[in-house]
Amino acid sequence: MDDLSTNPLTIAFPSKGRLKEQAEAWLAECGFKLEAVGGARGYRAAIAGLPGAQVQLLSASDIASAVDDGEVHLGLTGEDLLRERGEDLDNRVMLLRALGFGRADLIVAAPQSWIDVDVMADLDEVAAAYLARTGRRLRVATKYMSQTRAFFAKHGIADYRIVESSGATEGAPATGAAELVVDITTTGATLAANSLKIISDGVILKSQAQLAASLTASWTSAQLGLVRRLLSVVEAKSRARGLATVIWPAEQDQTAQEASEVFVGRGAARRANGLLVSSRDLFDLSSALAESGVGPMTVTRPDYVFEATCPAADALVQAVMGH
């Protein structure tokens, strides 16, 4: 039965920390509200404005697993955690939208004392020399084993071994547990505090929070329709941030249309006695209208700008149907 009341759209959201705060703020900015079910300490929630959606509150790493395994339809988590699920992730998960928060870089770092090591090619030489001198491979401490192996293979580095990190990865060289680290960083301050430097071409991934859809989950047309509603609102909100509506007097409409024709060529859209224009063109448009004697003009900022189509939703439907 294709009924959201008995077969809801399941969405996994972060259960704690800074990512949870940012996710809730993003949702609220789009016009939705996350409401706890069963008390503030519960692990279920609903989204006001999106009936038919059931929210599970999970850790960021568990969200990545749940989306990949098809246990939920949608999940909001870091791209670094999703990519750690394997190189073939795109066959199982679709990244619907980068959200602009939760930014961090997954990087390769070496001791600052290694003054002759600046690029990955230098690490290859050091690894070979270390193996020849000690009979042991360089140790790389990381929680990101899959992406580390893929990145090192891409750079042709084979003389190393991974030491799985369960604690503060950046401290591994200082304690003698490893020579190198692969870890997430936002400012690099913690790495510097541990006398580490980022290899100049050692940025594995520039990560941020992603809204991701599972391609292995079981989907109904009603669930896909609800995702379309969510994505349409999200995209409309994002689109509105870069636009403004300029309105001019009705009796000056012909003159204003002629003066603003060049902006229509740049993508602005006609409105009744006005123009929906990119914010970056707003002052140029007002000047062009004023020079033509049009005025007074008023400017408003739209909350949402909806389009007839939703490319992200269309892509998801196509991927689900072909999976």
# chains A, B, ... in the order shown; residues from 1 in each chain; ligands from 1

$ select_by_dssp --residues "segment 92-282 of chain A" --states "strand (DSSP E or B)" --output "PyMOL selection string"
chain A and resi 93-98+104-111+138-142+160-164+180-185+196-207+209-214+243-247+269-271+274-278

$ select_by_dssp --residues "segment 74-197 of chain A" --states "helix (DSSP H, G or I)" --output "short mmCIF file (atom, residue, chain, number, x, y, z; two decimals) with N, CA and C atoms, in the first residue's frame"
data_model
loop_
_atom_site.label_atom_id
_atom_site.label_comp_id
_atom_site.auth_asym_id
_atom_site.auth_seq_id
_atom_site.Cartn_x
_atom_site.Cartn_y
_atom_site.Cartn_z
N GLU A 79 30.19 14.28 4.24
CA GLU A 79 30.60 13.53 3.05
C GLU A 79 31.79 12.63 3.35
N ASP A 80 32.65 13.04 4.29
CA ASP A 80 33.81 12.22 4.63
C ASP A 80 33.37 10.85 5.15
N LEU A 81 32.31 10.82 5.95
CA LEU A 81 31.82 9.56 6.51
C LEU A 81 31.14 8.72 5.44
N LEU A 82 30.47 9.37 4.51
CA LEU A 82 29.84 8.64 3.41
C LEU A 82 30.89 8.04 2.49
N ARG A 83 31.89 8.82 2.14
CA ARG A 83 32.93 8.34 1.23
C ARG A 83 33.74 7.20 1.83
N LEU A 89 30.61 3.97 -3.69
CA LEU A 89 29.50 4.57 -2.96
C LEU A 89 28.41 5.09 -3.89
N ASP A 90 28.79 5.69 -5.01
CA ASP A 90 27.83 6.31 -5.90
C ASP A 90 26.85 5.32 -6.50
N ASN A 91 27.16 4.03 -6.42
CA ASN A 91 26.22 3.01 -6.88
C ASN A 91 25.12 2.74 -5.85
N MET A 120 53.16 14.59 -2.04
CA MET A 120 52.98 13.16 -1.91
C MET A 120 54.14 12.38 -2.54
N ALA A 121 54.71 12.91 -3.61
CA ALA A 121 55.85 12.24 -4.24
C ALA A 121 57.03 12.15 -3.28
N ASP A 122 57.20 13.16 -2.43
CA ASP A 122 58.25 13.11 -1.41
C ASP A 122 57.98 11.99 -0.42
N LEU A 123 56.71 11.80 -0.06
CA LEU A 123 56.36 10.72 0.86
C LEU A 123 56.70 9.35 0.27
N ASP A 124 56.51 9.22 -1.03
CA ASP A 124 56.83 7.96 -1.69
C ASP A 124 58.32 7.65 -1.52
N GLU A 125 59.16 8.65 -1.70
CA GLU A 125 60.60 8.46 -1.55
C GLU A 125 60.97 8.15 -0.11
N VAL A 126 60.35 8.86 0.84
CA VAL A 126 60.63 8.63 2.25
C VAL A 126 60.20 7.23 2.67
N ALA A 127 59.04 6.80 2.18
CA ALA A 127 58.53 5.47 2.53
C ALA A 127 59.46 4.38 2.03
N ALA A 128 59.96 4.53 0.81
CA ALA A 128 60.88 3.54 0.25
C ALA A 128 62.19 3.51 1.03
N ALA A 129 62.71 4.69 1.38
CA ALA A 129 63.96 4.77 2.12
C ALA A 129 63.78 4.21 3.54
N TYR A 130 62.64 4.48 4.16
CA TYR A 130 62.36 3.99 5.51
C TYR A 130 62.31 2.47 5.53
N LEU A 131 61.68 1.89 4.51
CA LEU A 131 61.59 0.43 4.42
C LEU A 131 62.98 -0.18 4.22
N ALA A 132 63.79 0.45 3.37
CA ALA A 132 65.13 -0.06 3.12
C ALA A 132 66.02 0.03 4.36
N ARG A 133 65.82 1.09 5.14
CA ARG A 133 66.67 1.32 6.31
C ARG A 133 66.26 0.48 7.52
N THR A 134 64.94 0.32 7.71
CA THR A 134 64.46 -0.32 8.94
C THR A 134 63.85 -1.70 8.72
N MET A 145 40.28 4.57 6.67
CA MET A 145 41.14 3.58 6.01
C MET A 145 40.85 3.44 4.52
N SER A 146 39.58 3.43 4.15
CA SER A 146 39.21 3.24 2.76
C SER A 146 39.73 4.37 1.88
N GLN A 147 39.51 5.62 2.32
CA GLN A 147 39.95 6.77 1.53
C GLN A 147 41.47 6.92 1.54
N THR A 148 42.10 6.52 2.64
CA THR A 148 43.56 6.55 2.70
C THR A 148 44.16 5.60 1.67
N ARG A 149 43.67 4.37 1.64
CA ARG A 149 44.19 3.39 0.68
C ARG A 149 44.01 3.86 -0.76
N ALA A 150 42.82 4.40 -1.06
CA ALA A 150 42.55 4.85 -2.42
C ALA A 150 43.44 6.03 -2.79
N PHE A 151 43.65 6.96 -1.87
CA PHE A 151 44.45 8.15 -2.17
C PHE A 151 45.93 7.80 -2.32
N PHE A 152 46.44 6.94 -1.44
CA PHE A 152 47.83 6.55 -1.54
C PHE A 152 48.07 5.74 -2.81
N ALA A 153 47.11 4.90 -3.19
CA ALA A 153 47.24 4.14 -4.44
C ALA A 153 47.25 5.07 -5.64
N LYS A 154 46.43 6.11 -5.59
CA LYS A 154 46.39 7.09 -6.67
C LYS A 154 47.74 7.75 -6.87
N THR A 169 43.82 11.09 16.66
CA THR A 169 44.74 10.67 15.60
C THR A 169 45.96 11.56 15.50
N GLU A 170 45.77 12.87 15.67
CA GLU A 170 46.87 13.81 15.47
C GLU A 170 48.01 13.61 16.48
N GLY A 171 47.74 12.90 17.57
CA GLY A 171 48.79 12.67 18.57
C GLY A 171 49.63 11.45 18.30
N ALA A 172 49.30 10.67 17.25
CA ALA A 172 50.00 9.41 17.00
C ALA A 172 51.50 9.57 16.76
N PRO A 173 51.97 10.52 15.94
CA PRO A 173 53.42 10.66 15.75
C PRO A 173 54.15 11.01 17.03
N ALA A 174 53.57 11.86 17.85
CA ALA A 174 54.23 12.28 19.09
C ALA A 174 54.39 11.12 20.06
N THR A 175 53.45 10.19 20.05
CA THR A 175 53.51 9.04 20.96
C THR A 175 54.28 7.87 20.37
N ALA A 189 44.76 24.04 13.26
CA ALA A 189 45.37 24.46 14.52
C ALA A 189 45.79 23.26 15.38
N THR A 190 44.96 22.24 15.43
CA THR A 190 45.29 21.06 16.24
C THR A 190 46.49 20.33 15.66
N LEU A 191 46.57 20.27 14.35
CA LEU A 191 47.73 19.64 13.71
C LEU A 191 49.00 20.41 14.06
N ALA A 192 48.93 21.73 13.94
CA ALA A 192 50.10 22.55 14.26
C ALA A 192 50.50 22.40 15.72
N ALA A 193 49.52 22.29 16.60
CA ALA A 193 49.81 22.12 18.02
C ALA A 193 50.52 20.81 18.30
#

$ atom_distance --atom1 "atom CA of Leu224 of chain A" --atom2 "atom CA of Ile11 of chain A"
12.4 Å

$ closest_atom_pairs --of "segment 195-286 of chain A" --to "segment 311-314 of chain A" --cutoff "9 Å" --atoms "only C-alpha atoms" --output "Markdown table"
| residue | atom | partner | partner_atom | distance |
| --- | --- | --- | --- | --- |
| A:Leu224 | CA | A:Ala313 | CA | 7.8 |
| A:Gly225 | CA | A:Ala313 | CA | 8.5 |
| A:Val227 | CA | A:Ala313 | CA | 6.9 |
| A:Arg228 | CA | A:Ala313 | CA | 5.2 |
| A:Arg229 | CA | A:Ala313 | CA | 8.7 |
| A:Leu231 | CA | A:Ala313 | CA | 6.8 |
| A:Ser232 | CA | A:Ala313 | CA | 8.1 |

$ residues_around --residues "Ala60 of chain A" --least-positions-apart "3" --cutoff "8 Å" --atoms "only C-alpha atoms" --output "compact mmCIF listing (two decimals) with all heavy atoms, in the first residue's frame"
# COMPACT_ATOMS: atom_id res chain seq x y z
N PHE A 13 18.79 12.06 11.02
CA PHE A 13 19.39 13.35 11.36
C PHE A 13 20.38 13.15 12.51
O PHE A 13 20.22 12.24 13.32
CB PHE A 13 18.30 14.34 11.80
CG PHE A 13 17.91 15.32 10.75
CD1 PHE A 13 17.31 14.89 9.59
CD2 PHE A 13 18.15 16.68 10.91
CE1 PHE A 13 16.95 15.79 8.61
CE2 PHE A 13 17.79 17.59 9.95
CZ PHE A 13 17.19 17.15 8.79
N PRO A 14 21.39 14.02 12.59
CA PRO A 14 22.36 13.91 13.69
C PRO A 14 21.67 14.05 15.04
O PRO A 14 20.77 14.88 15.22
CB PRO A 14 23.32 15.08 13.43
CG PRO A 14 23.17 15.40 11.99
CD PRO A 14 21.73 15.13 11.66
N SER A 15 22.12 13.24 16.00
CA SER A 15 21.48 13.21 17.31
C SER A 15 22.13 14.15 18.32
O SER A 15 21.55 14.41 19.38
CB SER A 15 21.50 11.79 17.87
OG SER A 15 22.84 11.32 17.99
N ILE A 63 24.56 7.36 10.61
CA ILE A 63 23.73 7.84 9.50
C ILE A 63 24.33 7.41 8.17
O ILE A 63 23.62 6.93 7.28
CB ILE A 63 23.60 9.38 9.55
CG1 ILE A 63 22.78 9.80 10.76
CG2 ILE A 63 22.95 9.91 8.27
CD1 ILE A 63 22.74 11.29 10.99
N ALA A 64 25.65 7.53 8.04
CA ALA A 64 26.31 7.10 6.81
C ALA A 64 26.06 5.62 6.55
O ALA A 64 25.76 5.20 5.42
CB ALA A 64 27.81 7.39 6.88
N LEU A 76 21.35 12.99 6.69
CA LEU A 76 22.15 14.20 6.68
C LEU A 76 23.40 13.92 7.51
O LEU A 76 23.33 13.72 8.72
CB LEU A 76 21.36 15.37 7.27
CG LEU A 76 21.94 16.77 7.11
CD1 LEU A 76 20.84 17.83 7.24
CD2 LEU A 76 23.04 17.06 8.13
N THR A 77 24.55 13.90 6.84
CA THR A 77 25.81 13.61 7.52
C THR A 77 26.96 14.14 6.69
O THR A 77 26.77 14.67 5.59
CB THR A 77 25.95 12.09 7.76
OG1 THR A 77 27.06 11.84 8.63
CG2 THR A 77 26.15 11.33 6.46
N GLY A 78 28.19 13.98 7.20
CA GLY A 78 29.36 14.48 6.51
C GLY A 78 29.74 13.62 5.31
O GLY A 78 29.64 12.39 5.35
N LEU A 81 32.31 10.82 5.95
CA LEU A 81 31.82 9.56 6.51
C LEU A 81 31.14 8.72 5.44
O LEU A 81 31.24 7.49 5.45
CB LEU A 81 30.86 9.84 7.66
CG LEU A 81 31.49 10.55 8.86
CD1 LEU A 81 30.42 10.97 9.85
CD2 LEU A 81 32.53 9.66 9.53

$ closest_residue --among "A:Val294, A:Thr220, A:Cys310, A:Leu275" --to "Glu251 of chain A" --atoms "only C-alpha atoms"
A:Val294
